[in-house]
Each structure stands twice: as C-alpha cells, then as structure tokens.
Amino acid sequence: MTAIIPEEKRFTCQQSGHCCSSREIVVTVTYRDLFRLYNTLENNFQQLLNKISFFRFDKLIPLITRKQMVLTPIKTSQGNVIPGLRKREDNSCILYYPPNCGIYNSRPLACRNYPFAFIKKKKEINCVWVRNSLKSCPGIGKGPPLDFNTLKNNGIEHFKEIQSHNHVVDDLNLESVHGKPLTARESLWVLLAYGEKEKQDLTDT
Ligand code: SF4
C-alpha cells in the first residue's frame with residue numbers, strides 16, 4: 001500500500017481541548033481500543049460500560065452509506081450499533097479532565113490520529129485534516145513540518161487496525177445471522193475476547 005501526503009503538514013497540540021469537547025466529534029472505538037481501555041480500567045467491565053455508548057443506526061443501512069462508514073456496525077438484538085466513547089451533557093468526552101485526557105497513553109486510535117484522517121483510494125492512502133479541524137484546532141500550522149514517514153506509517157497502521165476490527169465484526173455479524181443476535185453489552189465481551197486472544201498470541205510468539 002502506498003501513501004500520498006501531498007502538502008507539508010505542521011501540527012503541535014496546544015491542549016485547547018477542542019477535539020475532546022466538540023459537539024461535532026464522536027469517538028468510535030475498535031476492539032483494540034476497547035481492550036486497551038479495559039486494561040487501563042483494571043479490567044473492570046462495569047467501569048468500561050460507564051465509559052461506552054452504543055451509537056445506533058437504522059436496521060437497514062444502504063450499501064452506499066455502509067461503504068462510507070469506517071467501522072462496520074455490529075448487528076445486535078438492539079439494532080445496528082457502533083461502540084464509542086460516552087459524552088457528558090456539555091459534549092465533552094467522558095474521559096476528558098481539562099486540560100488532560102484521562103487515558104492519554106491508551107487513548108483510542110481516532111484520538112491518536114487527530115487532527116488527521118486517512119482516506120483509502122484503491123491501493124493508496126491519503127492523509128487529510130479531519131473535517132472542520134482547520135477552523136477549530138489551534139495546533140494546526142504550529143511547530144516544525146511533520147515527518148512524512150511517520151504520517152505514512154500512521155496511515156498504514158490506521159487501516160490495519162480498522163481492517164482487523166471490521167473482520168472481527170463481520171464474523172460476529174455472520175454468527176448473529178445464523179443464531180440469536182447478541183445484546184450490545186454482550187458484543188463488548190466478544191470484542192474484548194478478541195483483544196485478549198491477540199495479546200495472548202503476541203505473548204506466545
Ligand atoms: S479519549 Fe482522551 S483524547 Fe480522546 S476525546 Fe477523550 S479525552 Fe480526548
């Protein structure tokens with residue numbers, strides 16, 4: 001896979017907290033994000049549930065919309081859902097303790113990449129600014145130009161993680177077509193089990 005990053009990009013976080021408290025930003029999570037968060041919360045499932053929301057979609061998602069979505073929705077007995085971080089009433093992330101992220105070292109993939117988003121076209125990856133970030137993020141344009149190879153590798157890692165997550169969800173969805181769909185809560189256990197298995201496999205190699 002090749003990466004195209006046409007323009008020089010400068011970004012240094014100014015800890016404005018905009019991305020962690022914006023009404024427009026919803027942080028969805030992969031099974032690896034969930035597993036990292038679960039570990040940070042000392043494997044306390046109830047604590048994890050307190051931090052997670054399930055974003056629901058209509059039962060029938062048109063194929064065109066489905067193709068534009070980064071994470072595949074999980075079919076559950078409560079409808080099609082994508083897990084993400086819960087927000088407080090003021091729209092701030094449940095894990096934001098101004099001016100810091102409460103889980104900085106294990107923050108989700110989307111947060112680690114912000115304000116960059118990656119777009120895949122055939123075999124190429126393009127790195128773009130997250131929508132509206134140019135207007136709202138004071139860190140954009142600050143600091144030295146970012147290293148091209150770092151951005152390229154971030155893009156490649158991003159798609160690997162998304163791809164692994166979507167494979168897991170595809171398996172889960174296939175099982176729910178043939179059997180009884182899980183509840184949204186039960187689906188979290190399955191995603192965590194994949195994270196645990198992956199960790200075990202890494203330990204064994
Ligand atoms: S997880 Fe951390 S970095 Fe991500 S939105 Fe929440 S507070 Fe911000």
# chains A, B, ... in the order shown; residues from 1 in each chain; ligands from 1
>>> residues_around(residues="A:Asn43", least_positions_apart="6", cutoff="12 Å", atoms="only C-alpha atoms", output="PyMOL selection string")
chain A and resi 34-37+49+189+192-193+196
>>> write_last_selection(atoms="N, CA and C atoms", output="CSV table (one decimal), in the first residue's frame")
chain,number,residue,atom,x,y,z
A,34,LEU,N,-11.0,-0.8,22.7
A,34,LEU,CA,-11.8,-1.2,23.9
A,34,LEU,C,-10.9,-2.0,24.9
A,35,PHE,N,-10.1,-2.9,24.3
A,35,PHE,CA,-9.2,-3.7,25.1
A,35,PHE,C,-8.2,-2.9,25.9
A,36,ARG,N,-7.6,-1.9,25.2
A,36,ARG,CA,-6.7,-1.0,25.9
A,36,ARG,C,-7.4,-0.2,27.0
A,37,LEU,N,-8.6,0.2,26.8
A,37,LEU,CA,-9.3,1.0,27.8
A,37,LEU,C,-9.7,0.1,28.9
A,49,LEU,N,-18.3,-0.2,30.8
A,49,LEU,CA,-19.6,0.2,30.4
A,49,LEU,C,-20.0,1.6,30.7
A,189,TRP,N,-18.2,-8.0,25.2
A,189,TRP,CA,-17.4,-9.1,25.8
A,189,TRP,C,-16.7,-9.8,24.6
A,192,LEU,N,-13.8,-7.8,23.5
A,192,LEU,CA,-12.7,-7.9,24.4
A,192,LEU,C,-12.0,-9.2,24.3
A,193,ALA,N,-12.7,-10.3,24.1
A,193,ALA,CA,-12.1,-11.6,24.0
A,193,ALA,C,-11.1,-11.6,22.8
A,196,GLU,N,-8.0,-9.9,24.0
A,196,GLU,CA,-7.3,-10.8,24.9
A,196,GLU,C,-6.5,-11.9,24.1
>>> residues_around(residues="stretch 87-103 of chain A", least_positions_apart="3", cutoff="8 Å", atoms="only C-alpha atoms", output="ChimeraX atom specification")
/A:15-17,20-23,37,40,51,106-107
>>> write_last_selection(atoms="C-alpha atoms", output="short mmCIF file (atom, residue, chain, number, x, y, z; two decimals), in the first residue's frame")
data_model
loop_
_atom_site.label_atom_id
_atom_site.label_comp_id
_atom_site.auth_asym_id
_atom_site.auth_seq_id
_atom_site.Cartn_x
_atom_site.Cartn_y
_atom_site.Cartn_z
CA GLN A 15 -4.04 21.35 24.71
CA SER A 16 -7.03 23.52 23.77
CA GLY A 17 -9.31 20.56 24.45
CA CYS A 20 -12.20 16.41 23.38
CA SER A 21 -15.21 18.66 23.91
CA SER A 22 -16.59 19.32 20.45
CA ARG A 23 -20.24 18.60 19.74
CA LEU A 37 -9.33 0.98 27.76
CA THR A 40 -6.45 0.82 31.83
CA LYS A 51 -17.41 4.99 29.56
CA SER A 106 -4.18 4.31 25.88
CA ARG A 107 -6.42 6.78 24.05
#
>>> residues_around(residues="stretch 128-132 of chain A", least_positions_apart="6", cutoff="6 Å", atoms="only C-alpha atoms", output="ChimeraX atom specification")
/A:115-117
>>> write_last_selection(atoms="all heavy atoms", output="short mmCIF file (atom, residue, chain, number, x, y, z; two decimals), in the first residue's frame")
data_model
loop_
_atom_site.label_atom_id
_atom_site.label_comp_id
_atom_site.auth_asym_id
_atom_site.auth_seq_id
_atom_site.Cartn_x
_atom_site.Cartn_y
_atom_site.Cartn_z
N PRO A 115 -5.30 15.71 14.43
CA PRO A 115 -6.37 16.12 13.53
C PRO A 115 -6.27 15.53 12.12
O PRO A 115 -6.76 16.12 11.17
CB PRO A 115 -6.19 17.63 13.49
CG PRO A 115 -4.69 17.82 13.60
CD PRO A 115 -4.21 16.70 14.48
N PHE A 116 -5.64 14.36 12.03
CA PHE A 116 -5.51 13.74 10.70
C PHE A 116 -6.53 12.63 10.52
O PHE A 116 -6.87 11.93 11.47
CB PHE A 116 -4.11 13.16 10.51
CG PHE A 116 -3.03 14.19 10.66
CD1 PHE A 116 -2.22 14.22 11.78
CD2 PHE A 116 -2.86 15.16 9.68
CE1 PHE A 116 -1.26 15.19 11.92
CE2 PHE A 116 -1.89 16.14 9.82
CZ PHE A 116 -1.09 16.16 10.94
N ALA A 117 -6.99 12.51 9.30
CA ALA A 117 -7.84 11.38 8.93
C ALA A 117 -7.18 10.76 7.71
O ALA A 117 -6.44 11.44 6.97
CB ALA A 117 -9.23 11.86 8.58
#
>>> closest_residue(among="A:Ser133, A:Asn105, A:Thr30, A:Gln14", to="A:Leu71", atoms="only C-alpha atoms")
A:Thr30
>>> atom_distance(atom1="atom CA of A:Tyr194", atom2="atom CA of A:Asn166")
12.0 Å
>>> closest_residue(among="A:Ser136, A:Asn126, A:Thr150, A:Asn80", to="A:Val169", atoms="only C-alpha atoms")
A:Asn80
>>> select_by_dssp(residues="stretch 3-205 of chain A", states="helix (DSSP H, G or I)", output="VMD selection string")
chain A and resid 18 to 21 31 to 40 45 to 51 63 to 68 104 to 106 109 to 113 133 to 136 148 to 178 184 to 204
>>> closest_residue(among="A:Leu202, A:Ile140, A:Leu109, A:Leu182", to="ligand 1", atoms="only C-alpha atoms and all ligand atoms")
A:Leu109
>>> select_by_dssp(residues="stretch 118-149 of chain A", states="strand (DSSP E)", output="MDAnalysis selection string")
chainID A and resid 118:121 124:129 140:145
>>> write_last_selection(atoms="all heavy atoms", output="compact mmCIF listing (two decimals), in the first residue's frame")
# COMPACT_ATOMS: atom_id res chain seq x y z
N PHE A 118 -7.41 9.49 7.52
CA PHE A 118 -6.80 8.80 6.39
C PHE A 118 -7.90 8.29 5.46
O PHE A 118 -8.91 7.76 5.93
CB PHE A 118 -5.92 7.65 6.88
CG PHE A 118 -4.80 8.14 7.76
CD1 PHE A 118 -4.90 8.08 9.13
CD2 PHE A 118 -3.66 8.70 7.19
CE1 PHE A 118 -3.88 8.56 9.95
CE2 PHE A 118 -2.64 9.18 8.00
CZ PHE A 118 -2.75 9.11 9.38
N ILE A 119 -7.66 8.48 4.19
CA ILE A 119 -8.65 8.05 3.19
C ILE A 119 -7.98 7.06 2.26
O ILE A 119 -6.85 7.32 1.80
CB ILE A 119 -9.16 9.26 2.39
CG1 ILE A 119 -9.90 10.21 3.32
CG2 ILE A 119 -10.08 8.84 1.25
CD1 ILE A 119 -10.30 11.51 2.66
N LYS A 120 -8.67 5.94 2.01
CA LYS A 120 -8.07 4.94 1.14
C LYS A 120 -8.75 4.98 -0.21
O LYS A 120 -9.97 4.91 -0.30
CB LYS A 120 -8.21 3.56 1.77
CG LYS A 120 -7.33 2.54 1.11
CD LYS A 120 -6.93 1.45 2.05
CE LYS A 120 -8.04 0.44 2.22
NZ LYS A 120 -7.62 -0.75 2.94
N LYS A 121 -7.93 5.09 -1.28
CA LYS A 121 -8.47 5.01 -2.63
C LYS A 121 -7.69 3.94 -3.34
O LYS A 121 -6.49 4.10 -3.57
CB LYS A 121 -8.29 6.34 -3.36
CG LYS A 121 -9.32 7.38 -2.99
CD LYS A 121 -9.25 8.57 -3.91
CE LYS A 121 -10.16 9.66 -3.39
NZ LYS A 121 -9.75 10.97 -3.81
N GLU A 124 -4.00 3.29 -2.50
CA GLU A 124 -3.30 4.47 -1.98
C GLU A 124 -3.99 5.01 -0.73
O GLU A 124 -5.20 4.94 -0.60
CB GLU A 124 -3.27 5.56 -3.05
CG GLU A 124 -2.36 5.20 -4.20
CD GLU A 124 -2.49 6.16 -5.35
OE1 GLU A 124 -3.45 6.95 -5.37
OE2 GLU A 124 -1.63 6.12 -6.24
N ILE A 125 -3.16 5.55 0.15
CA ILE A 125 -3.70 6.17 1.36
C ILE A 125 -3.40 7.65 1.29
O ILE A 125 -2.26 8.03 1.00
CB ILE A 125 -3.02 5.61 2.62
CG1 ILE A 125 -3.31 4.13 2.79
CG2 ILE A 125 -3.48 6.36 3.86
CD1 ILE A 125 -2.59 3.53 3.98
N ASN A 126 -4.41 8.45 1.54
CA ASN A 126 -4.17 9.90 1.58
C ASN A 126 -4.42 10.40 3.01
O ASN A 126 -5.30 9.90 3.70
CB ASN A 126 -5.10 10.60 0.59
CG ASN A 126 -4.55 11.95 0.20
OD1 ASN A 126 -3.53 12.40 0.73
ND2 ASN A 126 -5.22 12.62 -0.71
N CYS A 127 -3.60 11.34 3.42
CA CYS A 127 -3.73 11.89 4.77
C CYS A 127 -4.35 13.28 4.65
O CYS A 127 -3.80 14.14 3.95
CB CYS A 127 -2.33 11.96 5.38
SG CYS A 127 -2.32 12.75 6.98
N VAL A 128 -5.49 13.49 5.29
CA VAL A 128 -6.19 14.78 5.19
C VAL A 128 -6.47 15.29 6.61
O VAL A 128 -6.33 14.55 7.58
CB VAL A 128 -7.52 14.65 4.41
CG1 VAL A 128 -7.27 14.23 2.98
CG2 VAL A 128 -8.47 13.67 5.10
N TRP A 129 -6.86 16.55 6.72
CA TRP A 129 -7.26 17.09 8.03
C TRP A 129 -8.67 16.62 8.34
O TRP A 129 -9.52 16.54 7.44
CB TRP A 129 -7.24 18.63 8.00
CG TRP A 129 -5.90 19.23 7.71
CD1 TRP A 129 -5.53 19.88 6.57
CD2 TRP A 129 -4.75 19.26 8.57
NE1 TRP A 129 -4.22 20.30 6.66
CE2 TRP A 129 -3.72 19.93 7.88
CE3 TRP A 129 -4.49 18.77 9.86
CZ2 TRP A 129 -2.45 20.14 8.43
CZ3 TRP A 129 -3.23 18.97 10.40
CH2 TRP A 129 -2.23 19.65 9.70
N ILE A 140 -2.96 23.31 14.54
CA ILE A 140 -2.64 23.14 13.13
C ILE A 140 -1.81 24.32 12.63
O ILE A 140 -2.14 25.47 12.89
CB ILE A 140 -3.93 22.96 12.29
CG1 ILE A 140 -4.59 21.64 12.69
CG2 ILE A 140 -3.62 22.97 10.80
CD1 ILE A 140 -5.89 21.34 11.99
N GLY A 141 -0.72 23.99 11.96
CA GLY A 141 0.17 25.04 11.45
C GLY A 141 1.29 25.37 12.44
O GLY A 141 2.19 26.13 12.11
N LYS A 142 1.23 24.79 13.64
CA LYS A 142 2.26 25.09 14.65
C LYS A 142 3.37 24.03 14.62
O LYS A 142 3.10 22.86 14.35
CB LYS A 142 1.63 25.12 16.05
CG LYS A 142 0.49 26.11 16.21
CD LYS A 142 0.97 27.38 16.89
CE LYS A 142 -0.02 28.52 16.82
NZ LYS A 142 -1.37 28.30 17.16
N GLY A 143 4.56 24.48 14.95
CA GLY A 143 5.68 23.53 15.07
C GLY A 143 6.34 23.23 13.74
O GLY A 143 5.95 23.77 12.70
N PRO A 144 7.34 22.35 13.77
CA PRO A 144 8.07 22.01 12.55
C PRO A 144 7.23 21.11 11.64
O PRO A 144 6.26 20.49 12.11
CB PRO A 144 9.30 21.26 13.08
CG PRO A 144 8.86 20.72 14.40
CD PRO A 144 7.83 21.65 14.95
N PRO A 145 7.58 21.02 10.36
CA PRO A 145 6.83 20.11 9.47
C PRO A 145 6.90 18.68 10.01
O PRO A 145 7.94 18.27 10.53
CB PRO A 145 7.58 20.21 8.14
CG PRO A 145 8.43 21.41 8.25
CD PRO A 145 8.69 21.66 9.69
>>> decode(residues="stretch 22-52 of chain A", atoms="N, CA and C atoms", output="mmCIF file, in the first residue's frame")
data_model
loop_
_atom_site.group_PDB
_atom_site.id
_atom_site.type_symbol
_atom_site.label_atom_id
_atom_site.label_comp_id
_atom_site.auth_asym_id
_atom_site.auth_seq_id
_atom_site.Cartn_x
_atom_site.Cartn_y
_atom_site.Cartn_z
ATOM 1 N N SER A 22 -15.794 18.827 21.570
ATOM 2 C CA SER A 22 -16.586 19.324 20.455
ATOM 3 C C SER A 22 -17.884 18.529 20.282
ATOM 4 N N ARG A 23 -18.955 19.254 19.993
ATOM 5 C CA ARG A 23 -20.243 18.599 19.740
ATOM 6 C C ARG A 23 -20.181 17.781 18.453
ATOM 7 N N GLU A 24 -19.304 18.217 17.547
ATOM 8 C CA GLU A 24 -19.250 17.572 16.225
ATOM 9 C C GLU A 24 -18.428 16.286 16.216
ATOM 10 N N ILE A 25 -17.657 16.065 17.273
ATOM 11 C CA ILE A 25 -16.754 14.899 17.234
ATOM 12 C C ILE A 25 -17.276 13.772 18.125
ATOM 13 N N VAL A 26 -17.402 12.610 17.501
ATOM 14 C CA VAL A 26 -17.777 11.401 18.230
ATOM 15 C C VAL A 26 -16.615 10.428 18.060
ATOM 16 N N VAL A 27 -16.132 9.887 19.162
ATOM 17 C CA VAL A 27 -15.009 8.942 19.070
ATOM 18 C C VAL A 27 -15.558 7.521 19.071
ATOM 19 N N THR A 28 -15.470 6.859 17.926
ATOM 20 C CA THR A 28 -15.864 5.448 17.871
ATOM 21 C C THR A 28 -14.619 4.602 18.156
ATOM 22 N N VAL A 29 -14.836 3.381 18.620
ATOM 23 C CA VAL A 29 -13.686 2.589 19.076
ATOM 24 C C VAL A 29 -13.615 1.218 18.415
ATOM 25 N N THR A 30 -12.384 0.772 18.180
ATOM 26 C CA THR A 30 -12.140 -0.576 17.656
ATOM 27 C C THR A 30 -12.041 -1.541 18.847
ATOM 28 N N TYR A 31 -11.984 -2.843 18.542
ATOM 29 C CA TYR A 31 -11.865 -3.800 19.657
ATOM 30 C C TYR A 31 -10.525 -3.632 20.371
ATOM 31 N N ARG A 32 -9.500 -3.161 19.631
ATOM 32 C CA ARG A 32 -8.219 -2.920 20.309
ATOM 33 C C ARG A 32 -8.316 -1.710 21.232
ATOM 34 N N ASP A 33 -9.024 -0.670 20.784
ATOM 35 C CA ASP A 33 -9.252 0.488 21.657
ATOM 36 C C ASP A 33 -9.963 0.049 22.930
ATOM 37 N N LEU A 34 -10.995 -0.785 22.744
ATOM 38 C CA LEU A 34 -11.772 -1.238 23.901
ATOM 39 C C LEU A 34 -10.907 -2.032 24.864
ATOM 40 N N PHE A 35 -10.078 -2.889 24.291
ATOM 41 C CA PHE A 35 -9.233 -3.736 25.129
ATOM 42 C C PHE A 35 -8.211 -2.890 25.907
ATOM 43 N N ARG A 36 -7.635 -1.891 25.231
ATOM 44 C CA ARG A 36 -6.682 -1.004 25.911
ATOM 45 C C ARG A 36 -7.384 -0.246 27.047
ATOM 46 N N LEU A 37 -8.585 0.228 26.750
ATOM 47 C CA LEU A 37 -9.332 0.978 27.763
ATOM 48 C C LEU A 37 -9.693 0.077 28.946
ATOM 49 N N TYR A 38 -10.128 -1.138 28.633
ATOM 50 C CA TYR A 38 -10.494 -2.128 29.662
ATOM 51 C C TYR A 38 -9.292 -2.393 30.576
ATOM 52 N N ASN A 39 -8.118 -2.578 29.974
ATOM 53 C CA ASN A 39 -6.894 -2.815 30.768
ATOM 54 C C ASN A 39 -6.579 -1.605 31.639
ATOM 55 N N THR A 40 -6.729 -0.406 31.055
ATOM 56 C CA THR A 40 -6.453 0.816 31.826
ATOM 57 C C THR A 40 -7.409 0.930 33.007
ATOM 58 N N LEU A 41 -8.630 0.419 32.839
ATOM 59 C CA LEU A 41 -9.629 0.458 33.915
ATOM 60 C C LEU A 41 -9.542 -0.783 34.808
ATOM 61 N N GLU A 42 -8.359 -1.388 34.805
ATOM 62 C CA GLU A 42 -8.060 -2.570 35.638
ATOM 63 C C GLU A 42 -9.057 -3.702 35.416
ATOM 64 N N ASN A 43 -9.397 -3.894 34.146
ATOM 65 C CA ASN A 43 -10.270 -4.991 33.721
ATOM 66 C C ASN A 43 -11.625 -4.980 34.438
ATOM 67 N N ASN A 44 -12.108 -3.804 34.707
ATOM 68 C CA ASN A 44 -13.397 -3.677 35.383
ATOM 69 C C ASN A 44 -14.468 -3.413 34.311
ATOM 70 N N PHE A 45 -15.291 -4.445 34.059
ATOM 71 C CA PHE A 45 -16.254 -4.358 32.956
ATOM 72 C C PHE A 45 -17.307 -3.270 33.214
ATOM 73 N N GLN A 46 -17.720 -3.145 34.461
ATOM 74 C CA GLN A 46 -18.728 -2.124 34.765
ATOM 75 C C GLN A 46 -18.165 -0.717 34.506
ATOM 76 N N GLN A 47 -16.895 -0.539 34.858
ATOM 77 C CA GLN A 47 -16.245 0.753 34.598
ATOM 78 C C GLN A 47 -16.198 1.031 33.097
ATOM 79 N N LEU A 48 -15.909 -0.028 32.356
ATOM 80 C CA LEU A 48 -15.860 0.123 30.897
ATOM 81 C C LEU A 48 -17.236 0.540 30.365
ATOM 82 N N LEU A 49 -18.268 -0.151 30.844
ATOM 83 C CA LEU A 49 -19.631 0.189 30.398
ATOM 84 C C LEU A 49 -19.978 1.641 30.710
ATOM 85 N N ASN A 50 -19.451 2.141 31.825
ATOM 86 C CA ASN A 50 -19.728 3.533 32.202
ATOM 87 C C ASN A 50 -19.104 4.535 31.235
ATOM 88 N N LYS A 51 -18.108 4.077 30.478
ATOM 89 C CA LYS A 51 -17.407 4.993 29.556
ATOM 90 C C LYS A 51 -17.891 4.854 28.112
ATOM 91 N N ILE A 52 -18.667 3.810 27.852
ATOM 92 C CA ILE A 52 -19.021 3.490 26.460
ATOM 93 C C ILE A 52 -20.491 3.792 26.147
#
